[in-house]
There are 2 protein chains.
Amino acid sequence: MSNDPPGFELPLRLFLGFRTLIDALHAELARQGHPEVRPMHGFVMQAIGMRGTTAVELGRTLGVSKQAAGKTVETLERLGYVERARDPHDTRRKIVRLTPRGLDALTRSARIFEELRAGWAAKLGEERLRALEADLRAVTPQDVFRLDVPGWFG
Amino acid sequence: MSNDPPGFELPLRLFLGFRTLIDALHAELARQGHPEVRPMHGFVMQAIGMRGTTAVELGRTLGVSKQAAGKTVETLERLGYVERARDPHDTRRKIVRLTPRGLDALTRSARIFEELRAGWAAKLGEERLRALEADLRAVTPQDVFRLDVPGWFG
DNA sequence: ACACGATAGACAACCTGGTTCACTATTTAG
DNA sequence: CTAAATAGTGAACCAGGTTGTCTATCGTGT
């Protein structure tokens with residue numbers, strides 16, 4: 001039909017939706033004392049999680065090389081969001097853990113995401129939003145963490 | 001409630017949805033004779049459009065510096081998707097136009113996007129998909145082209 | 001017991017795509 | 001006719017990605 005949206009609107013809207021949320025998150029995060037956190041860092045810290053991880057493991061989780069993961073960890077370390085310590089059980093390994101500051105950023109992010117989702121729910125209605133989430137779940141891969149975010153665009 | 005999805009699932013699903021479509025597009029595009037086109041290039045060509053543009057204007061549209069826009073145009077030119085010609089009315093300007101090959105990539109992209117959308121419609125139902133699109137439209141900015149795609153992630 | 005393969009991390013060289021600064025050429029406005 | 005604005009380009013730099021190479025350590029099989 002002639003008044004269908006052009007085919008490229010759907011992917012663009014998905015991206016804009018993503019960007020809208022991420023931009024709002026980081027604007028609020030900056031206001032709450034974390035102005036240096038970049039979107040990338042949020043994903044990486046989320047992937048590091050409470051239990052810590054290693055560069056190799058992190059690379060696997062994110063779908064990038066261990067060297068790339070290592071570089072990102074270095075940046076995060078410089079910013080004070082993570083710290084590295086040798087694993088006493090395997091002195092080759094270095095465990096990457098969130099610092100209190102990293103943890104703070106992560107818990108604030110979680111809260112802000114909930115608020116942003118609530119904002120959408122207020123606009124769309126909780127039911128429509130749940131439907132949207134369910135539909136997206138149905139057409140996207142299960143493993144939410146293999147985003148391959150970094151560099152997939154090049 | 002305790003079994004709500006974590007707040008970060010929504011943005012991630014949006015991104016995964018986007019990536020799923022874009023990856024499928026480029027896999028198919030590669031199969032149809034455009035293996036060198038990167039996601040970025042599709043956006044840029046879309047933004048160049050049928051009427052052509054200039055580096056400065058393109059930069060404004062995409063939300064990047066004119067130099068960055070110029071570099072991308074250079075790449076696209078090297079790949080044979082666009083060509084540049086001096087504007088006879090203002091010899092400072094260089095008009096960037098799609099070549100036949102660029103146009104071919106763009107029209108194929110449009111058709112492939114329609115097919116991908118049809119695939120989603122088959123999974124979700126046309127009505128649910130329309131609802132999803134309508135909801136996304138309601139929570140995202142109107143101007144679909146100020147994506148600021150490039151580099152917003154860093 | 002030990003040699004050897006697998007693994008973790010680090011370093012270097014390189015690519016892409018972004019940034020800012022500086023500069024030239026041209027157009028436009030006063 | 002001069003001065004400001006604009007288009008394009010080049011250089012230096014940055015982030016984050018890649019591959020290849022190297023070292024240290026671990027774990028296994030003979």
# chains A, B, ... in the order shown; residues from 1 in each chain; ligands from 1
>>> residues_around(residues="Gly59 of chain B", least_positions_apart="2", cutoff="10 Å", atoms="only C-alpha atoms (C1' of nucleotides)", output="PyMOL selection string")
chain B and resi 44+47+53-57+61-70+72+148
>>> calpha_fit_and_write(fixed="chain A", moving="chain B", output="short mmCIF file (atom, residue, chain, number, x, y, z; two decimals) with C-alpha atoms, in the first residue's frame")
data_model
loop_
_atom_site.label_atom_id
_atom_site.label_comp_id
_atom_site.auth_asym_id
_atom_site.auth_seq_id
_atom_site.Cartn_x
_atom_site.Cartn_y
_atom_site.Cartn_z
CA MET B 1 0.26 -0.23 -0.18
CA SER B 2 1.61 3.15 -1.09
CA ASN B 3 1.48 4.72 2.35
CA ASP B 4 3.38 2.00 4.10
CA PRO B 5 6.46 3.35 5.77
CA PRO B 6 9.66 2.79 3.81
CA GLY B 7 11.33 -0.45 4.81
CA PHE B 8 14.24 1.28 6.43
CA GLU B 9 12.03 3.06 8.95
CA LEU B 10 11.72 0.05 11.23
CA PRO B 11 15.44 -0.45 11.85
CA LEU B 12 15.94 3.28 12.15
CA ARG B 13 13.18 3.59 14.72
CA LEU B 14 14.65 0.72 16.70
CA PHE B 15 17.99 2.43 16.67
CA LEU B 16 16.50 5.80 17.56
CA GLY B 17 14.61 4.21 20.42
CA PHE B 18 17.83 2.68 21.68
CA ARG B 19 19.72 5.91 21.30
CA THR B 20 16.98 7.93 22.96
CA LEU B 21 17.16 5.74 26.04
CA ILE B 22 20.95 5.60 26.15
CA ASP B 23 21.33 9.32 25.65
CA ALA B 24 18.81 10.03 28.40
CA LEU B 25 20.57 7.55 30.66
CA HIS B 26 23.92 9.19 30.22
CA ALA B 27 22.58 12.71 30.58
CA GLU B 28 21.08 11.69 33.91
CA LEU B 29 24.16 9.70 34.90
CA ALA B 30 26.29 12.78 34.24
CA ARG B 31 23.97 14.79 36.48
CA GLN B 32 24.38 12.16 39.20
CA GLY B 33 28.15 12.35 39.34
CA HIS B 34 29.25 10.13 36.46
CA PRO B 35 29.91 12.51 33.60
CA GLU B 36 32.80 10.50 32.15
CA VAL B 37 30.94 7.24 31.63
CA ARG B 38 30.44 6.54 27.93
CA PRO B 39 27.70 4.24 26.61
CA MET B 40 30.33 1.63 25.84
CA HIS B 41 31.46 1.63 29.45
CA GLY B 42 28.00 0.90 30.76
CA PHE B 43 27.81 -2.19 28.58
CA VAL B 44 31.22 -3.32 29.59
CA MET B 45 30.54 -2.87 33.30
CA GLN B 46 27.26 -4.68 32.89
CA ALA B 47 29.17 -7.50 31.23
CA ILE B 48 31.81 -7.54 33.96
CA GLY B 49 29.08 -7.98 36.52
CA MET B 50 29.35 -8.48 40.26
CA ARG B 51 31.58 -11.52 40.07
CA GLY B 52 34.34 -10.00 38.01
CA THR B 53 35.92 -11.42 34.88
CA THR B 54 39.11 -11.44 32.84
CA ALA B 55 40.08 -9.67 29.65
CA VAL B 56 39.80 -12.82 27.58
CA GLU B 57 36.44 -13.77 29.01
CA LEU B 58 35.17 -10.22 28.63
CA GLY B 59 36.28 -10.19 25.02
CA ARG B 60 34.36 -13.38 24.39
CA THR B 61 31.25 -12.02 26.09
CA LEU B 62 31.31 -8.82 24.10
CA GLY B 63 32.42 -10.39 20.87
CA VAL B 64 35.68 -8.46 20.52
CA SER B 65 39.34 -9.44 20.68
CA LYS B 66 40.99 -9.83 24.06
CA GLN B 67 43.24 -6.89 23.19
CA ALA B 68 40.28 -4.62 22.55
CA ALA B 69 38.67 -5.79 25.79
CA GLY B 70 41.97 -5.12 27.55
CA LYS B 71 42.13 -1.59 26.21
CA THR B 72 38.62 -0.80 27.36
CA VAL B 73 39.37 -2.23 30.80
CA GLU B 74 42.42 0.00 30.91
CA THR B 75 40.29 3.06 30.23
CA LEU B 76 37.75 2.00 32.84
CA GLU B 77 40.58 1.44 35.29
CA ARG B 78 41.98 4.89 34.61
CA LEU B 79 38.52 6.34 35.30
CA GLY B 80 38.31 4.42 38.55
CA TYR B 81 35.40 2.16 37.65
CA VAL B 82 37.23 -1.16 37.73
CA GLU B 83 40.37 -2.57 39.26
CA ARG B 84 42.56 -5.51 38.31
CA ALA B 85 44.21 -8.03 40.58
CA ARG B 86 46.17 -11.16 39.82
CA ASP B 87 44.30 -14.39 40.31
CA PRO B 88 46.14 -16.28 43.09
CA HIS B 89 45.06 -19.59 41.58
CA ASP B 90 46.44 -18.78 38.14
CA THR B 91 49.01 -16.05 38.06
CA ARG B 92 48.59 -15.55 34.35
CA ARG B 93 45.08 -14.23 34.89
CA LYS B 94 44.08 -10.79 36.08
CA ILE B 95 40.63 -10.53 37.54
CA VAL B 96 38.78 -7.38 36.60
CA ARG B 97 36.36 -6.23 39.29
CA LEU B 98 34.04 -3.27 39.68
CA THR B 99 35.15 -0.71 42.22
CA PRO B 100 32.57 0.86 44.56
CA ARG B 101 32.39 3.73 42.07
CA GLY B 102 31.75 1.29 39.26
CA LEU B 103 29.08 -0.42 41.28
CA ASP B 104 27.51 2.94 42.04
CA ALA B 105 27.34 3.77 38.35
CA LEU B 106 25.75 0.42 37.65
CA THR B 107 23.07 0.63 40.33
CA ARG B 108 22.25 4.19 39.34
CA SER B 109 21.98 3.06 35.73
CA ALA B 110 19.54 0.36 36.74
CA ARG B 111 17.34 2.85 38.58
CA ILE B 112 17.48 5.37 35.74
CA PHE B 113 16.55 2.69 33.21
CA GLU B 114 13.52 1.82 35.32
CA GLU B 115 12.50 5.47 35.33
CA LEU B 116 12.95 5.76 31.58
CA ARG B 117 10.91 2.64 31.05
CA ALA B 118 8.22 4.13 33.29
CA GLY B 119 8.27 7.23 31.09
CA TRP B 120 7.59 5.10 28.04
CA ALA B 121 4.89 3.22 29.90
CA ALA B 122 3.22 6.54 30.70
CA LYS B 123 3.22 7.47 27.02
CA LEU B 124 2.28 4.13 25.52
CA GLY B 125 0.46 2.41 28.33
CA GLU B 126 1.92 -0.44 30.33
CA GLU B 127 0.18 -3.02 28.19
CA ARG B 128 1.45 -1.69 24.88
CA LEU B 129 4.95 -1.46 26.28
CA ARG B 130 4.82 -5.05 27.49
CA ALA B 131 3.62 -6.07 24.06
CA LEU B 132 6.49 -4.17 22.47
CA GLU B 133 8.98 -5.90 24.72
CA ALA B 134 7.43 -9.29 24.11
CA ASP B 135 7.49 -8.74 20.35
CA LEU B 136 11.11 -7.65 20.40
CA ARG B 137 11.98 -10.68 22.46
CA ALA B 138 10.29 -12.84 19.83
CA VAL B 139 12.39 -11.49 16.95
CA THR B 140 15.79 -11.10 18.60
CA PRO B 141 18.35 -13.64 19.77
CA GLN B 142 17.99 -14.94 23.29
CA ASP B 143 21.48 -14.14 24.45
CA VAL B 144 21.18 -10.49 25.30
CA PHE B 145 24.85 -10.08 25.96
CA ARG B 146 26.41 -11.06 22.68
CA LEU B 147 25.83 -7.56 21.50
CA ASP B 148 29.01 -7.24 19.51
CA VAL B 149 28.27 -3.59 20.09
CA PRO B 150 31.81 -2.38 19.66
CA GLY B 151 32.92 -1.90 16.17
CA TRP B 152 30.18 -3.87 14.49
CA PHE B 153 29.34 -0.71 12.62
CA GLY B 154 32.59 -0.34 10.74
#
>>> closest_atom_pairs(of="chain C", to="chain B", cutoff="8 Å", atoms="only C-alpha atoms (C1' of nucleotides)", output="tab-separated table")
residue	atom	partner	partner_atom	distance
C:DG17	C1'	B:Ala68	CA	7.3
C:DG18	C1'	B:Gly151	CA	5.8
C:DA25	C1'	B:Arg92	CA	7.0
C:DT26	C1'	B:Arg92	CA	5.6
C:DT27	C1'	B:Asp90	CA	7.4
>>> write_last_selection(atoms="C-alpha atoms (C1' of nucleotides)", output="tab-separated table (two decimals), in the first residue's frame")
chain	number	residue	atom	x	y	z
C	17	DG	C1'	36.07	6.92	11.63
C	18	DG	C1'	35.64	10.42	14.62
C	25	DA	C1'	39.61	29.77	-2.21
C	26	DT	C1'	35.38	31.70	-3.14
C	27	DT	C1'	31.12	34.03	-2.36
>>> select_by_dssp(residues="segment 3-154 of chain B", states="helix (DSSP H, G or I)", output="ChimeraX atom specification")
/B:9-31,39-48,55-62,66-78,100-124,126-139
>>> atom_distance(atom1="atom C1' of DG29 of chain D", atom2="atom C1' of DA8 of chain C")
22.4 Å
>>> interface_residues(of="chain D", to="chain A", cutoff="12 Å", atoms="only C-alpha atoms (C1' of nucleotides)", output="list in words")
DA15, DG16, DG17, DT18, DT19, DG20, DT23, DA24, DT25, DC26 and DG27 of chain D
>>> select_by_dssp(residues="segment 48-149 of chain B", states="strand (DSSP E)", output="ChimeraX atom specification")
/B:82-87,90-98
>>> write_last_selection(atoms="N, CA and C atoms", output="CSV table (one decimal), in the first residue's frame")
chain,number,residue,atom,x,y,z
B,82,VAL,N,29.5,7.0,-5.0
B,82,VAL,CA,29.2,8.4,-5.2
B,82,VAL,C,30.2,9.0,-6.1
B,83,GLU,N,29.9,10.2,-6.6
B,83,GLU,CA,30.9,10.9,-7.4
B,83,GLU,C,30.7,12.4,-7.0
B,84,ARG,N,31.8,13.2,-7.1
B,84,ARG,CA,31.7,14.6,-6.8
B,84,ARG,C,32.0,15.4,-8.0
B,85,ALA,N,31.3,16.5,-8.1
B,85,ALA,CA,31.5,17.5,-9.2
B,85,ALA,C,31.4,18.9,-8.7
B,86,ARG,N,32.1,19.8,-9.2
B,86,ARG,CA,32.0,21.2,-8.7
B,86,ARG,C,30.7,21.7,-9.1
B,87,ASP,N,30.2,22.5,-8.2
B,87,ASP,CA,28.9,23.2,-8.5
B,87,ASP,C,29.2,24.4,-9.4
B,90,ASP,N,28.6,27.8,-7.7
B,90,ASP,CA,29.4,28.2,-6.6
B,90,ASP,C,30.6,27.3,-6.6
B,91,THR,N,31.7,27.8,-7.1
B,91,THR,CA,32.9,26.9,-7.3
B,91,THR,C,33.6,26.4,-6.1
B,92,ARG,N,33.1,26.9,-4.9
B,92,ARG,CA,33.7,26.4,-3.7
B,92,ARG,C,33.1,25.0,-3.5
B,93,ARG,N,31.8,24.9,-3.8
B,93,ARG,CA,31.1,23.7,-3.4
B,93,ARG,C,31.4,22.5,-4.4
B,94,LYS,N,31.3,21.3,-3.8
B,94,LYS,CA,31.4,20.1,-4.6
B,94,LYS,C,30.1,19.3,-4.3
B,95,ILE,N,29.3,19.1,-5.3
B,95,ILE,CA,28.1,18.3,-5.2
B,95,ILE,C,28.4,16.8,-5.2
B,96,VAL,N,28.0,16.1,-4.1
B,96,VAL,CA,28.1,14.7,-4.0
B,96,VAL,C,26.9,14.0,-4.6
B,97,ARG,N,27.0,13.2,-5.6
B,97,ARG,CA,25.8,12.5,-6.1
B,97,ARG,C,26.0,11.0,-6.1
B,98,LEU,N,24.9,10.3,-6.0
B,98,LEU,CA,25.0,8.8,-6.1
B,98,LEU,C,25.3,8.4,-7.6
>>> atom_distance(atom1="atom C1' of DC13 of chain D", atom2="atom C1' of DT19 of chain C")
7.9 Å
>>> residues_around(residues="segment 10-12 of chain D", least_positions_apart="4", cutoff="9 Å", atoms="only C-alpha atoms (C1' of nucleotides)", output="compact mmCIF listing (two decimals) with N, CA and C atoms (P, O5', C5', C4', C3', O3' and C1' of nucleotides), in the first residue's frame")
# COMPACT_ATOMS: atom_id res chain seq x y z
P DC C 21 39.85 23.66 18.62
O5' DC C 21 41.06 23.85 17.59
C5' DC C 21 42.27 23.14 17.82
C4' DC C 21 43.28 23.46 16.72
C3' DC C 21 43.20 24.92 16.22
O3' DC C 21 44.53 25.37 16.02
C1' DC C 21 42.91 23.43 14.41
P DA C 22 44.81 26.91 15.64
O5' DA C 22 45.21 26.78 14.10
C5' DA C 22 46.17 25.78 13.73
C4' DA C 22 46.31 25.79 12.23
C3' DA C 22 46.25 27.19 11.61
O3' DA C 22 47.22 27.25 10.57
C1' DA C 22 44.65 25.81 10.58
P DC C 23 47.71 28.70 10.06
O5' DC C 23 47.26 28.63 8.54
C5' DC C 23 47.73 27.54 7.74
C4' DC C 23 46.82 27.37 6.54
C3' DC C 23 46.50 28.67 5.82
O3' DC C 23 47.22 28.72 4.60
C1' DC C 23 44.62 27.19 5.96
>>> atom_distance(atom1="atom C1' of DT9 of chain D", atom2="atom C1' of DA13 of chain C")
27.1 Å
>>> decode(residues="segment 32-111 of chain A", atoms="C-alpha atoms", output="mmCIF file, in the first residue's frame")
data_model
loop_
_atom_site.group_PDB
_atom_site.id
_atom_site.type_symbol
_atom_site.label_atom_id
_atom_site.label_comp_id
_atom_site.auth_asym_id
_atom_site.auth_seq_id
_atom_site.Cartn_x
_atom_site.Cartn_y
_atom_site.Cartn_z
ATOM 1 C CA GLN A 32 24.424 12.212 39.138
ATOM 2 C CA GLY A 33 28.197 12.415 39.227
ATOM 3 C CA HIS A 34 29.297 10.203 36.347
ATOM 4 C CA PRO A 35 29.935 12.565 33.473
ATOM 5 C CA GLU A 36 32.813 10.548 31.978
ATOM 6 C CA VAL A 37 30.971 7.284 31.499
ATOM 7 C CA ARG A 38 30.451 6.538 27.806
ATOM 8 C CA PRO A 39 27.708 4.236 26.551
ATOM 9 C CA MET A 40 30.332 1.618 25.777
ATOM 10 C CA HIS A 41 31.496 1.636 29.371
ATOM 11 C CA GLY A 42 28.025 0.927 30.670
ATOM 12 C CA PHE A 43 27.792 -2.178 28.556
ATOM 13 C CA VAL A 44 31.211 -3.329 29.561
ATOM 14 C CA MET A 45 30.544 -2.798 33.269
ATOM 15 C CA GLN A 46 27.256 -4.614 32.913
ATOM 16 C CA ALA A 47 29.144 -7.467 31.266
ATOM 17 C CA ILE A 48 31.767 -7.479 34.027
ATOM 18 C CA GLY A 49 29.029 -7.859 36.586
ATOM 19 C CA MET A 50 29.283 -8.286 40.341
ATOM 20 C CA ARG A 51 31.491 -11.352 40.222
ATOM 21 C CA GLY A 52 34.277 -9.877 38.131
ATOM 22 C CA THR A 53 35.803 -11.382 35.047
ATOM 23 C CA THR A 54 39.000 -11.478 33.009
ATOM 24 C CA ALA A 55 39.983 -9.780 29.774
ATOM 25 C CA VAL A 56 39.683 -12.982 27.762
ATOM 26 C CA GLU A 57 36.298 -13.869 29.217
ATOM 27 C CA LEU A 58 35.080 -10.320 28.742
ATOM 28 C CA GLY A 59 36.190 -10.371 25.133
ATOM 29 C CA ARG A 60 34.247 -13.544 24.579
ATOM 30 C CA THR A 61 31.140 -12.128 26.236
ATOM 31 C CA LEU A 62 31.252 -8.970 24.176
ATOM 32 C CA GLY A 63 32.335 -10.637 20.969
ATOM 33 C CA VAL A 64 35.601 -8.743 20.596
ATOM 34 C CA SER A 65 39.251 -9.751 20.814
ATOM 35 C CA LYS A 66 40.897 -10.090 24.195
ATOM 36 C CA GLN A 67 43.184 -7.196 23.257
ATOM 37 C CA ALA A 68 40.247 -4.910 22.587
ATOM 38 C CA ALA A 69 38.624 -5.978 25.838
ATOM 39 C CA GLY A 70 41.926 -5.304 27.576
ATOM 40 C CA LYS A 71 42.113 -1.794 26.171
ATOM 41 C CA THR A 72 38.609 -0.966 27.290
ATOM 42 C CA VAL A 73 39.357 -2.300 30.756
ATOM 43 C CA GLU A 74 42.439 -0.090 30.824
ATOM 44 C CA THR A 75 40.315 2.964 30.069
ATOM 45 C CA LEU A 76 37.796 1.973 32.724
ATOM 46 C CA GLU A 77 40.624 1.441 35.180
ATOM 47 C CA ARG A 78 42.044 4.863 34.430
ATOM 48 C CA LEU A 79 38.602 6.353 35.105
ATOM 49 C CA GLY A 80 38.388 4.495 38.395
ATOM 50 C CA TYR A 81 35.460 2.249 37.560
ATOM 51 C CA VAL A 82 37.260 -1.084 37.691
ATOM 52 C CA GLU A 83 40.393 -2.495 39.245
ATOM 53 C CA ARG A 84 42.549 -5.460 38.346
ATOM 54 C CA ALA A 85 44.161 -7.953 40.678
ATOM 55 C CA ARG A 86 46.074 -11.144 40.015
ATOM 56 C CA ASP A 87 44.123 -14.325 40.614
ATOM 57 C CA PRO A 88 45.911 -16.173 43.442
ATOM 58 C CA HIS A 89 44.752 -19.512 42.022
ATOM 59 C CA ASP A 90 46.139 -18.812 38.559
ATOM 60 C CA THR A 91 48.761 -16.131 38.419
ATOM 61 C CA ARG A 92 48.359 -15.726 34.675
ATOM 62 C CA ARG A 93 44.897 -14.335 35.153
ATOM 63 C CA LYS A 94 43.976 -10.860 36.248
ATOM 64 C CA ILE A 95 40.526 -10.490 37.699
ATOM 65 C CA VAL A 96 38.727 -7.327 36.667
ATOM 66 C CA ARG A 97 36.322 -6.129 39.347
ATOM 67 C CA LEU A 98 34.050 -3.135 39.668
ATOM 68 C CA THR A 99 35.199 -0.562 42.168
ATOM 69 C CA PRO A 100 32.659 1.053 44.495
ATOM 70 C CA ARG A 101 32.476 3.875 41.969
ATOM 71 C CA GLY A 102 31.795 1.388 39.171
ATOM 72 C CA LEU A 103 29.154 -0.285 41.257
ATOM 73 C CA ASP A 104 27.586 3.075 41.980
ATOM 74 C CA ALA A 105 27.403 3.858 38.275
ATOM 75 C CA LEU A 106 25.823 0.495 37.606
ATOM 76 C CA THR A 107 23.167 0.705 40.304
ATOM 77 C CA ARG A 108 22.317 4.252 39.292
ATOM 78 C CA SER A 109 22.043 3.088 35.684
ATOM 79 C CA ALA A 110 19.651 0.353 36.702
ATOM 80 C CA ARG A 111 17.454 2.825 38.554
#
